[in-house]
$ cat model25.csv   # CSV, N, CA and C atoms
chain,number,residue,atom,x,y,z
A,1,MET,N,0.8,-1.2,0.0
A,1,MET,CA,0.0,0.0,0.0
A,1,MET,C,0.9,1.2,0.0
A,2,SER,N,0.7,2.1,-1.0
A,2,SER,CA,1.6,3.3,-1.0
A,2,SER,C,0.8,4.5,-0.5
A,3,VAL,N,1.5,5.4,0.1
A,3,VAL,CA,0.9,6.6,0.7
A,3,VAL,C,1.0,7.7,-0.3
A,4,ASP,N,-0.1,8.3,-0.6
A,4,ASP,CA,-0.2,9.4,-1.5
A,4,ASP,C,0.4,10.6,-0.9
A,5,PRO,N,1.5,11.3,-1.6
A,5,PRO,CA,2.1,12.4,-1.0
A,5,PRO,C,1.1,13.6,-0.8
A,6,GLN,N,0.0,13.6,-1.6
A,6,GLN,CA,-1.0,14.7,-1.4
A,6,GLN,C,-1.8,14.5,-0.2
A,7,GLN,N,-1.9,13.2,0.3
A,7,GLN,CA,-2.7,13.0,1.5
A,7,GLN,C,-1.8,13.2,2.7
A,8,SER,N,-2.1,14.2,3.4
A,8,SER,CA,-1.3,14.5,4.6
A,8,SER,C,-2.1,14.1,5.9
A,9,ARG,N,-1.3,13.8,6.9
A,9,ARG,CA,-2.0,13.3,8.1
A,9,ARG,C,-2.1,14.5,9.0
A,10,SER,N,-3.1,14.5,9.8
A,10,SER,CA,-3.3,15.7,10.7
A,10,SER,C,-2.3,15.6,11.9
A,11,VAL,N,-2.0,16.7,12.5
A,11,VAL,CA,-1.1,16.8,13.6
A,11,VAL,C,-1.6,15.9,14.8
A,12,PRO,N,-2.9,15.9,15.1
A,12,PRO,CA,-3.3,15.0,16.2
A,12,PRO,C,-3.0,13.5,15.9
A,13,ASP,N,-3.2,13.2,14.6
A,13,ASP,CA,-2.9,11.8,14.2
A,13,ASP,C,-1.4,11.5,14.4
A,14,LEU,N,-0.6,12.4,13.9
A,14,LEU,CA,0.9,12.2,14.1
A,14,LEU,C,1.3,12.2,15.6
A,15,LEU,N,0.7,13.0,16.4
A,15,LEU,CA,1.0,13.0,17.8
A,15,LEU,C,0.5,11.7,18.5
A,16,SER,N,-0.6,11.2,18.0
A,16,SER,CA,-1.2,10.0,18.6
A,16,SER,C,-0.3,8.8,18.2
A,17,ASP,N,0.2,8.8,17.0
A,17,ASP,CA,1.1,7.7,16.5
A,17,ASP,C,2.4,7.8,17.3
A,18,LEU,N,3.0,9.0,17.5
A,18,LEU,CA,4.2,9.2,18.2
A,18,LEU,C,4.1,8.7,19.6
A,19,LEU,N,3.0,9.0,20.3
A,19,LEU,CA,2.7,8.6,21.6
A,19,LEU,C,2.6,7.1,21.7
A,20,ARG,N,1.9,6.5,20.8
A,20,ARG,CA,1.7,5.0,20.8
A,20,ARG,C,3.0,4.3,20.6
A,21,GLU,N,3.8,4.8,19.6
A,21,GLU,CA,5.1,4.2,19.3
A,21,GLU,C,6.1,4.4,20.4
A,22,THR,N,6.1,5.5,21.1
A,22,THR,CA,7.0,5.8,22.2
A,22,THR,C,6.6,4.9,23.4
A,23,THR,N,5.3,4.8,23.6
A,23,THR,CA,4.9,3.9,24.7
A,23,THR,C,5.3,2.5,24.5
A,24,GLU,N,5.1,2.0,23.2
A,24,GLU,CA,5.5,0.6,22.9
A,24,GLU,C,7.1,0.4,23.0
A,25,LEU,N,7.8,1.5,22.6
A,25,LEU,CA,9.3,1.4,22.7
A,25,LEU,C,9.7,1.3,24.2
A,26,PHE,N,9.1,2.1,25.0
A,26,PHE,CA,9.5,2.0,26.4
A,26,PHE,C,9.0,0.7,27.1
A,27,ARG,N,7.9,0.2,26.7
A,27,ARG,CA,7.5,-1.2,27.2
A,27,ARG,C,8.5,-2.2,26.8
A,28,THR,N,8.9,-2.2,25.5
A,28,THR,CA,9.9,-3.2,25.1
A,28,THR,C,11.2,-3.0,25.8
A,29,GLU,N,11.7,-1.8,26.0
A,29,GLU,CA,12.9,-1.5,26.8
A,29,GLU,C,12.7,-2.0,28.2
A,30,GLY,N,11.6,-1.8,28.8
A,30,GLY,CA,11.3,-2.3,30.2
A,30,GLY,C,11.5,-3.8,30.2
A,31,LYS,N,10.9,-4.5,29.2
A,31,LYS,CA,11.1,-6.0,29.2
A,31,LYS,C,12.5,-6.4,29.1
A,32,LEU,N,13.3,-5.7,28.3
A,32,LEU,CA,14.7,-5.9,28.1
A,32,LEU,C,15.5,-5.8,29.4
A,33,ILE,N,15.1,-4.7,30.1
A,33,ILE,CA,15.8,-4.4,31.4
A,33,ILE,C,15.5,-5.5,32.4
A,34,ARG,N,14.2,-5.9,32.5
A,34,ARG,CA,13.8,-7.0,33.4
A,34,ARG,C,14.6,-8.3,33.1
A,35,ALA,N,14.7,-8.6,31.8
A,35,ALA,CA,15.4,-9.9,31.4
A,35,ALA,C,16.8,-9.8,31.8
A,36,GLU,N,17.5,-8.6,31.5
A,36,GLU,CA,18.9,-8.5,31.8
A,36,GLU,C,19.1,-8.6,33.3
A,37,ILE,N,18.3,-7.9,34.1
A,37,ILE,CA,18.4,-8.0,35.6
A,37,ILE,C,18.2,-9.4,36.1
A,38,SER,N,17.3,-10.1,35.5
A,38,SER,CA,17.0,-11.5,35.9
A,38,SER,C,18.2,-12.4,35.6
A,39,ASP,N,18.9,-12.2,34.5
A,39,ASP,CA,20.1,-12.9,34.2
A,39,ASP,C,21.2,-12.6,35.1
A,40,LYS,N,21.3,-11.4,35.5
A,40,LYS,CA,22.4,-11.0,36.5
A,40,LYS,C,22.1,-11.6,37.8
A,41,VAL,N,20.9,-11.6,38.3
A,41,VAL,CA,20.6,-12.2,39.6
A,41,VAL,C,20.9,-13.7,39.6
A,42,ALA,N,20.5,-14.4,38.5
A,42,ALA,CA,20.8,-15.8,38.4
A,42,ALA,C,22.3,-16.0,38.5
A,43,GLN,N,23.1,-15.2,37.8
A,43,GLN,CA,24.5,-15.3,37.8
A,43,GLN,C,25.1,-15.1,39.2
A,44,ILE,N,24.6,-14.1,39.9
A,44,ILE,CA,25.0,-13.8,41.2
A,44,ILE,C,24.7,-15.0,42.2
A,45,GLN,N,23.5,-15.6,42.0
A,45,GLN,CA,23.1,-16.7,42.9
A,45,GLN,C,24.0,-17.9,42.7
A,46,LEU,N,24.3,-18.2,41.4
A,46,LEU,CA,25.2,-19.4,41.1
A,46,LEU,C,26.6,-19.1,41.7
A,47,ALA,N,27.1,-17.9,41.4
A,47,ALA,CA,28.5,-17.6,41.9
A,47,ALA,C,28.5,-17.6,43.5
A,48,GLY,N,27.4,-17.1,44.1
A,48,GLY,CA,27.4,-17.1,45.5
A,48,GLY,C,27.4,-18.5,46.1
A,49,GLY,N,26.7,-19.4,45.5
A,49,GLY,CA,26.7,-20.8,46.0
A,49,GLY,C,28.1,-21.4,45.9
A,50,SER,N,28.8,-21.2,44.8
A,50,SER,CA,30.1,-21.7,44.7
A,50,SER,C,31.1,-21.0,45.7
A,51,LEU,N,30.9,-19.8,45.9
A,51,LEU,CA,31.8,-19.1,46.9
A,51,LEU,C,31.6,-19.6,48.3
A,52,VAL,N,30.4,-19.8,48.7
A,52,VAL,CA,30.1,-20.3,50.0
A,52,VAL,C,30.7,-21.7,50.2
A,53,ALA,N,30.4,-22.6,49.2
A,53,ALA,CA,31.0,-24.0,49.3
A,53,ALA,C,32.5,-24.0,49.4
A,54,GLY,N,33.1,-23.2,48.5
A,54,GLY,CA,34.6,-23.1,48.5
A,54,GLY,C,35.1,-22.5,49.9
A,55,ALA,N,34.4,-21.5,50.4
A,55,ALA,CA,34.8,-20.9,51.7
A,55,ALA,C,34.7,-21.9,52.8
A,56,ILE,N,33.7,-22.7,52.8
A,56,ILE,CA,33.6,-23.7,53.9
A,56,ILE,C,34.7,-24.7,53.8
A,57,CYS,N,35.0,-25.2,52.6
A,57,CYS,CA,36.1,-26.1,52.4
A,57,CYS,C,37.5,-25.5,52.9
A,58,LEU,N,37.7,-24.3,52.5
A,58,LEU,CA,38.9,-23.6,52.9
A,58,LEU,C,39.0,-23.4,54.4
A,59,LEU,N,37.9,-23.1,55.0
A,59,LEU,CA,37.9,-22.8,56.4
A,59,LEU,C,38.3,-24.1,57.2
A,60,VAL,N,37.7,-25.2,56.8
A,60,VAL,CA,38.1,-26.5,57.4
A,60,VAL,C,39.5,-26.8,57.2
A,61,SER,N,40.0,-26.6,56.0
A,61,SER,CA,41.4,-26.8,55.7
A,61,SER,C,42.3,-25.9,56.5
A,62,LEU,N,41.9,-24.6,56.7
A,62,LEU,CA,42.7,-23.7,57.4
A,62,LEU,C,42.8,-24.1,58.9
A,63,ILE,N,41.7,-24.6,59.4
A,63,ILE,CA,41.7,-25.0,60.8
A,63,ILE,C,42.7,-26.2,61.0
A,64,VAL,N,42.6,-27.1,60.1
A,64,VAL,CA,43.5,-28.3,60.3
A,64,VAL,C,45.0,-27.9,60.1
A,65,LEU,N,45.2,-27.1,59.0
A,65,LEU,CA,46.6,-26.7,58.8
A,65,LEU,C,47.2,-25.8,59.9
A,66,SER,N,46.4,-24.9,60.4
A,66,SER,CA,46.9,-24.0,61.5
A,66,SER,C,47.2,-24.8,62.7
A,67,GLY,N,46.3,-25.9,63.0
A,67,GLY,CA,46.6,-26.7,64.1
A,67,GLY,C,47.9,-27.5,63.9
A,68,ALA,N,48.2,-27.9,62.7
A,68,ALA,CA,49.4,-28.6,62.4
A,68,ALA,C,50.6,-27.7,62.5
A,69,LEU,N,50.5,-26.4,62.1
A,69,LEU,CA,51.5,-25.4,62.2
A,69,LEU,C,51.8,-25.1,63.7
A,70,VAL,N,50.8,-25.0,64.5
A,70,VAL,CA,51.0,-24.8,65.9
A,70,VAL,C,51.8,-25.9,66.6
A,71,VAL,N,51.4,-27.1,66.2
A,71,VAL,CA,52.2,-28.3,66.8
A,71,VAL,C,53.6,-28.3,66.3
A,72,ALA,N,53.8,-28.0,65.0
A,72,ALA,CA,55.2,-27.9,64.5
A,72,ALA,C,56.0,-26.8,65.2
A,73,LEU,N,55.4,-25.6,65.3
A,73,LEU,CA,56.2,-24.5,66.0
A,73,LEU,C,56.3,-24.8,67.5
A,74,GLY,N,55.4,-25.6,68.0
A,74,GLY,CA,55.5,-25.9,69.5
A,74,GLY,C,56.8,-26.7,69.8
A,75,LYS,N,57.4,-27.3,68.8
A,75,LYS,CA,58.6,-28.1,69.0
A,75,LYS,C,59.8,-27.2,69.2
A,76,VAL,N,59.7,-25.9,68.6
A,76,VAL,CA,60.9,-25.0,68.7
A,76,VAL,C,60.6,-23.8,69.6
A,77,MET,N,59.4,-23.6,70.0
A,77,MET,CA,59.1,-22.5,71.0
A,77,MET,C,57.9,-23.0,71.9
A,78,ASP,N,57.6,-22.2,72.8
A,78,ASP,CA,56.5,-22.5,73.7
A,78,ASP,C,55.2,-22.6,72.9
A,79,PRO,N,54.4,-23.6,73.2
A,79,PRO,CA,53.2,-23.9,72.4
A,79,PRO,C,52.2,-22.7,72.4
A,80,ALA,N,52.1,-22.0,73.5
A,80,ALA,CA,51.2,-20.8,73.6
A,80,ALA,C,51.6,-19.7,72.7
A,81,TRP,N,53.0,-19.5,72.6
A,81,TRP,CA,53.5,-18.4,71.7
A,81,TRP,C,53.3,-18.9,70.2
A,82,ALA,N,53.4,-20.2,70.0
A,82,ALA,CA,53.2,-20.7,68.6
A,82,ALA,C,51.8,-20.5,68.2
A,83,ALA,N,50.8,-20.8,69.1
A,83,ALA,CA,49.4,-20.6,68.8
A,83,ALA,C,49.1,-19.1,68.5
A,84,LEU,N,49.7,-18.2,69.4
A,84,LEU,CA,49.5,-16.8,69.2
A,84,LEU,C,50.0,-16.3,67.9
A,85,LEU,N,51.2,-16.8,67.5
A,85,LEU,CA,51.9,-16.4,66.3
A,85,LEU,C,51.0,-16.8,65.1
A,86,VAL,N,50.6,-18.0,65.1
A,86,VAL,CA,49.8,-18.5,63.9
A,86,VAL,C,48.5,-17.8,63.9
A,87,GLY,N,47.8,-17.5,65.0
A,87,GLY,CA,46.6,-16.8,65.0
A,87,GLY,C,46.7,-15.4,64.5
A,88,VAL,N,47.8,-14.7,64.8
A,88,VAL,CA,48.0,-13.3,64.4
A,88,VAL,C,48.3,-13.3,62.9
A,89,VAL,N,49.1,-14.2,62.4
A,89,VAL,CA,49.4,-14.3,60.9
A,89,VAL,C,48.1,-14.5,60.1
A,90,ILE,N,47.3,-15.5,60.6
A,90,ILE,CA,46.1,-15.8,59.9
A,90,ILE,C,45.1,-14.6,60.0
A,91,ALA,N,45.0,-13.9,61.1
A,91,ALA,CA,44.2,-12.7,61.2
A,91,ALA,C,44.6,-11.6,60.2
A,92,VAL,N,45.9,-11.4,60.1
A,92,VAL,CA,46.4,-10.4,59.2
A,92,VAL,C,46.0,-10.7,57.7
A,93,ILE,N,46.2,-12.0,57.4
A,93,ILE,CA,45.9,-12.4,56.0
A,93,ILE,C,44.4,-12.3,55.8
A,94,GLY,N,43.6,-12.6,56.8
A,94,GLY,CA,42.1,-12.4,56.7
A,94,GLY,C,41.7,-11.0,56.5
A,95,VAL,N,42.3,-10.1,57.2
A,95,VAL,CA,42.0,-8.6,57.0
A,95,VAL,C,42.4,-8.2,55.6
A,96,VAL,N,43.5,-8.6,55.1
A,96,VAL,CA,43.9,-8.2,53.8
A,96,VAL,C,43.0,-8.7,52.7
A,97,LEU,N,42.6,-10.0,52.9
A,97,LEU,CA,41.6,-10.6,51.9
A,97,LEU,C,40.3,-9.9,52.0
A,98,LEU,N,39.8,-9.6,53.2
A,98,LEU,CA,38.5,-8.9,53.3
A,98,LEU,C,38.5,-7.5,52.6
A,99,ALA,N,39.6,-6.8,52.9
A,99,ALA,CA,39.8,-5.5,52.2
A,99,ALA,C,39.8,-5.6,50.7
A,100,ALA,N,40.5,-6.6,50.2
A,100,ALA,CA,40.6,-6.8,48.7
A,100,ALA,C,39.2,-7.2,48.2
A,101,GLY,N,38.5,-8.0,48.9
A,101,GLY,CA,37.2,-8.4,48.5
A,101,GLY,C,36.2,-7.3,48.5
A,102,LYS,N,36.3,-6.4,49.5
A,102,LYS,CA,35.4,-5.3,49.6
A,102,LYS,C,35.6,-4.3,48.4
A,103,LYS,N,36.9,-4.1,48.1
A,103,LYS,CA,37.3,-3.3,47.0
A,103,LYS,C,36.8,-3.8,45.7
A,104,ASN,N,36.9,-5.1,45.4
A,104,ASN,CA,36.5,-5.8,44.2
A,104,ASN,C,34.9,-5.7,44.1
A,105,LEU,N,34.3,-5.9,45.2
A,105,LEU,CA,32.8,-5.8,45.2
A,105,LEU,C,32.3,-4.5,44.8
A,106,GLU,N,32.9,-3.4,45.3
A,106,GLU,CA,32.5,-2.1,44.9
A,106,GLU,C,32.7,-1.8,43.4
A,107,ALA,N,33.7,-2.5,42.8
A,107,ALA,CA,33.9,-2.2,41.4
A,107,ALA,C,32.9,-3.0,40.5
A,108,VAL,N,32.2,-3.9,41.1
A,108,VAL,CA,31.3,-4.7,40.3
A,108,VAL,C,30.0,-3.8,40.0
A,109,ASN,N,29.7,-3.7,38.8
A,109,ASN,CA,28.5,-2.9,38.4
A,109,ASN,C,27.5,-3.8,37.9
A,110,LEU,N,26.4,-3.9,38.7
A,110,LEU,CA,25.3,-4.8,38.4
A,110,LEU,C,24.2,-4.1,37.7
A,111,ALA,N,24.3,-2.9,37.4
A,111,ALA,CA,23.3,-2.2,36.6
A,111,ALA,C,23.2,-2.7,35.2
A,112,PRO,N,22.0,-2.8,34.6
A,112,PRO,CA,21.9,-3.2,33.3
A,112,PRO,C,22.4,-2.1,32.3
A,113,GLU,N,23.7,-2.0,32.1
A,113,GLU,CA,24.3,-0.9,31.3
A,113,GLU,C,23.8,-0.9,29.9
A,114,ARG,N,23.7,-2.0,29.2
A,114,ARG,CA,23.2,-2.0,27.8
A,114,ARG,C,21.8,-1.4,27.7
A,115,SER,N,20.9,-1.9,28.6
A,115,SER,CA,19.6,-1.4,28.5
A,115,SER,C,19.4,0.1,28.9
A,116,LEU,N,20.2,0.5,29.9
A,116,LEU,CA,20.1,1.9,30.3
A,116,LEU,C,20.6,2.8,29.2
A,117,GLY,N,21.7,2.3,28.5
A,117,GLY,CA,22.3,3.1,27.4
A,117,GLY,C,21.3,3.1,26.3
A,118,GLN,N,20.6,2.1,26.0
A,118,GLN,CA,19.6,2.0,24.9
A,118,GLN,C,18.4,3.0,25.3
A,119,LEU,N,18.0,3.0,26.5
A,119,LEU,CA,16.9,3.9,27.0
A,119,LEU,C,17.3,5.3,26.8
A,120,GLN,N,18.6,5.7,27.1
A,120,GLN,CA,19.0,7.0,26.9
A,120,GLN,C,19.0,7.4,25.4
A,121,LYS,N,19.5,6.5,24.5
A,121,LYS,CA,19.4,6.7,23.1
A,121,LYS,C,18.0,6.9,22.6
A,122,ASP,N,17.1,6.0,23.1
A,122,ASP,CA,15.7,6.1,22.7
A,122,ASP,C,15.1,7.5,23.2
A,123,GLY,N,15.4,7.9,24.4
A,123,GLY,CA,14.9,9.2,24.9
A,123,GLY,C,15.4,10.3,24.0
A,124,GLN,N,16.7,10.3,23.6
A,124,GLN,CA,17.2,11.3,22.7
A,124,GLN,C,16.4,11.3,21.3
A,125,LEU,N,16.2,10.1,20.8
A,125,LEU,CA,15.5,10.0,19.6
A,125,LEU,C,14.1,10.5,19.7
A,126,VAL,N,13.4,10.3,20.8
A,126,VAL,CA,12.0,10.8,21.0
A,126,VAL,C,12.1,12.4,21.0
A,127,LYS,N,13.1,12.9,21.7
A,127,LYS,CA,13.3,14.4,21.8
A,127,LYS,C,13.5,14.9,20.4
A,128,GLU,N,14.3,14.3,19.6
A,128,GLU,CA,14.6,14.8,18.3
A,128,GLU,C,13.3,14.7,17.4
A,129,GLN,N,12.5,13.6,17.6
A,129,GLN,CA,11.3,13.4,16.8
A,129,GLN,C,10.3,14.5,17.1
A,130,THR,N,10.3,15.0,18.3
A,130,THR,CA,9.2,15.9,18.8
A,130,THR,C,9.6,17.3,18.4
A,131,ARG,N,10.8,17.6,18.0
A,131,ARG,CA,11.2,19.0,17.6
A,131,ARG,C,10.7,19.4,16.3

$ encode --input "model25.csv" --output "structure tokens"
Amino acid sequence: MSVDPQQSRSVPDLLSDLLRETTELFRTEGKLIRAEISDKVAQIQLAGGSLVAGAICLLVSLIVLSGALVVALGKVMDPAWAALLVGVVIAVIGVVLLAAGKKNLEAVNLAPERSLGQLQKDGQLVKEQTR
């Protein structure tokens, strides 16, 4: 079906079409954002489960190994001092790891960047179309 150039559409029709298409565009973008956020949440849940399981295994290992280190150091120094030394070293390592983890967590951006960028582009396009 071809549109006759002589046939012009009224301003209210054009505005109505613009409003309808803009509404549909933002609905579609909203669906995209929800899908992207859902994917990120699933990714976080899977990674979180692995992190927890790994941390539990490492904690058990750390307890056993630190006990063995205290026993070994107890042969060359007083066992109380050996336990204190091992405890302080492990605490310092823990503080360093927590600080690094906190820093890495702040750097993680979970916002749906692609969708937000597309929404900004769409907003600009709507502004340009209404001028």

$ atom_distance --input "model25.csv" --atom1 "atom C of Ser16 (chain A)" --atom2 "CA of Leu125 (chain A)"
15.9 Å

$ closest_atom_pairs --input "model25.csv" --of "region 10-42 of chain A" --to "region 115-120 of chain A" --cutoff "7 Å" --atoms "all atoms listed in the file" --output "JSON lines"
{"residue": "A:Glu29", "atom": "CA", "partner": "A:Leu119", "partner_atom": "CA", "distance": 6.7}
{"residue": "A:Leu32", "atom": "C", "partner": "A:Ser115", "partner_atom": "CA", "distance": 6.1}
{"residue": "A:Ile33", "atom": "CA", "partner": "A:Ser115", "partner_atom": "CA", "distance": 5.6}

$ residues_around --input "model25.csv" --residues "Ile63 (chain A)" --least-positions-apart "4" --cutoff "12 Å" --atoms "only C-alpha atoms" --output "list of chain:residue names"
A:Ile56, A:Cys57, A:Leu58, A:Leu59, A:Gly67, A:Ala68, A:Leu69, A:Val70, A:Ala83, A:Val86, A:Gly87, A:Ile90

$ atom_distance --input "model25.csv" --atom1 "CA of Val11 (chain A)" --atom2 "atom N of Glu24 (chain A)"
18.7 Å

$ select_by_dssp --input "model25.csv" --residues "chain A" --states "helix (DSSP H, G or I)" --output "PyMOL selection string"
chain A and resi 11-73+79-107+113-130

$ atom_distance --input "model25.csv" --atom1 "CA of Gly74 (chain A)" --atom2 "CA of Val88 (chain A)"
15.5 Å

$ decode --input "model25.csv" --residues "region 46-119 of chain A" --atoms "C-alpha atoms" --output "CSV table (one decimal), in the first residue's frame"
chain,number,residue,atom,x,y,z
A,46,LEU,CA,25.2,-19.4,41.1
A,47,ALA,CA,28.5,-17.6,41.9
A,48,GLY,CA,27.4,-17.1,45.5
A,49,GLY,CA,26.7,-20.8,46.0
A,50,SER,CA,30.1,-21.7,44.7
A,51,LEU,CA,31.8,-19.1,46.9
A,52,VAL,CA,30.1,-20.3,50.0
A,53,ALA,CA,31.0,-24.0,49.3
A,54,GLY,CA,34.6,-23.1,48.5
A,55,ALA,CA,34.8,-20.9,51.7
A,56,ILE,CA,33.6,-23.7,53.9
A,57,CYS,CA,36.1,-26.1,52.4
A,58,LEU,CA,38.9,-23.6,52.9
A,59,LEU,CA,37.9,-22.8,56.4
A,60,VAL,CA,38.1,-26.5,57.4
A,61,SER,CA,41.4,-26.8,55.7
A,62,LEU,CA,42.7,-23.7,57.4
A,63,ILE,CA,41.7,-25.0,60.8
A,64,VAL,CA,43.5,-28.3,60.3
A,65,LEU,CA,46.6,-26.7,58.8
A,66,SER,CA,46.9,-24.0,61.5
A,67,GLY,CA,46.6,-26.7,64.1
A,68,ALA,CA,49.4,-28.6,62.4
A,69,LEU,CA,51.5,-25.4,62.2
A,70,VAL,CA,51.0,-24.8,65.9
A,71,VAL,CA,52.2,-28.3,66.8
A,72,ALA,CA,55.2,-27.9,64.5
A,73,LEU,CA,56.2,-24.5,66.0
A,74,GLY,CA,55.5,-25.9,69.5
A,75,LYS,CA,58.6,-28.1,69.0
A,76,VAL,CA,60.9,-25.0,68.7
A,77,MET,CA,59.1,-22.5,71.0
A,78,ASP,CA,56.5,-22.5,73.7
A,79,PRO,CA,53.2,-23.9,72.4
A,80,ALA,CA,51.2,-20.8,73.6
A,81,TRP,CA,53.5,-18.4,71.7
A,82,ALA,CA,53.2,-20.7,68.6
A,83,ALA,CA,49.4,-20.6,68.8
A,84,LEU,CA,49.5,-16.8,69.2
A,85,LEU,CA,51.9,-16.4,66.3
A,86,VAL,CA,49.8,-18.5,63.9
A,87,GLY,CA,46.6,-16.8,65.0
A,88,VAL,CA,48.0,-13.3,64.4
A,89,VAL,CA,49.4,-14.3,60.9
A,90,ILE,CA,46.1,-15.8,59.9
A,91,ALA,CA,44.2,-12.7,61.2
A,92,VAL,CA,46.4,-10.4,59.2
A,93,ILE,CA,45.9,-12.4,56.0
A,94,GLY,CA,42.1,-12.4,56.7
A,95,VAL,CA,42.0,-8.6,57.0
A,96,VAL,CA,43.9,-8.2,53.8
A,97,LEU,CA,41.6,-10.6,51.9
A,98,LEU,CA,38.5,-8.9,53.3
A,99,ALA,CA,39.8,-5.5,52.2
A,100,ALA,CA,40.6,-6.8,48.7
A,101,GLY,CA,37.2,-8.4,48.5
A,102,LYS,CA,35.4,-5.3,49.6
A,103,LYS,CA,37.3,-3.3,47.0
A,104,ASN,CA,36.5,-5.8,44.2
A,105,LEU,CA,32.8,-5.8,45.2
A,106,GLU,CA,32.5,-2.1,44.9
A,107,ALA,CA,33.9,-2.2,41.4
A,108,VAL,CA,31.3,-4.7,40.3
A,109,ASN,CA,28.5,-2.9,38.4
A,110,LEU,CA,25.3,-4.8,38.4
A,111,ALA,CA,23.3,-2.2,36.6
A,112,PRO,CA,21.9,-3.2,33.3
A,113,GLU,CA,24.3,-0.9,31.3
A,114,ARG,CA,23.2,-2.0,27.8
A,115,SER,CA,19.6,-1.4,28.5
A,116,LEU,CA,20.1,1.9,30.3
A,117,GLY,CA,22.3,3.1,27.4
A,118,GLN,CA,19.6,2.0,24.9
A,119,LEU,CA,16.9,3.9,27.0
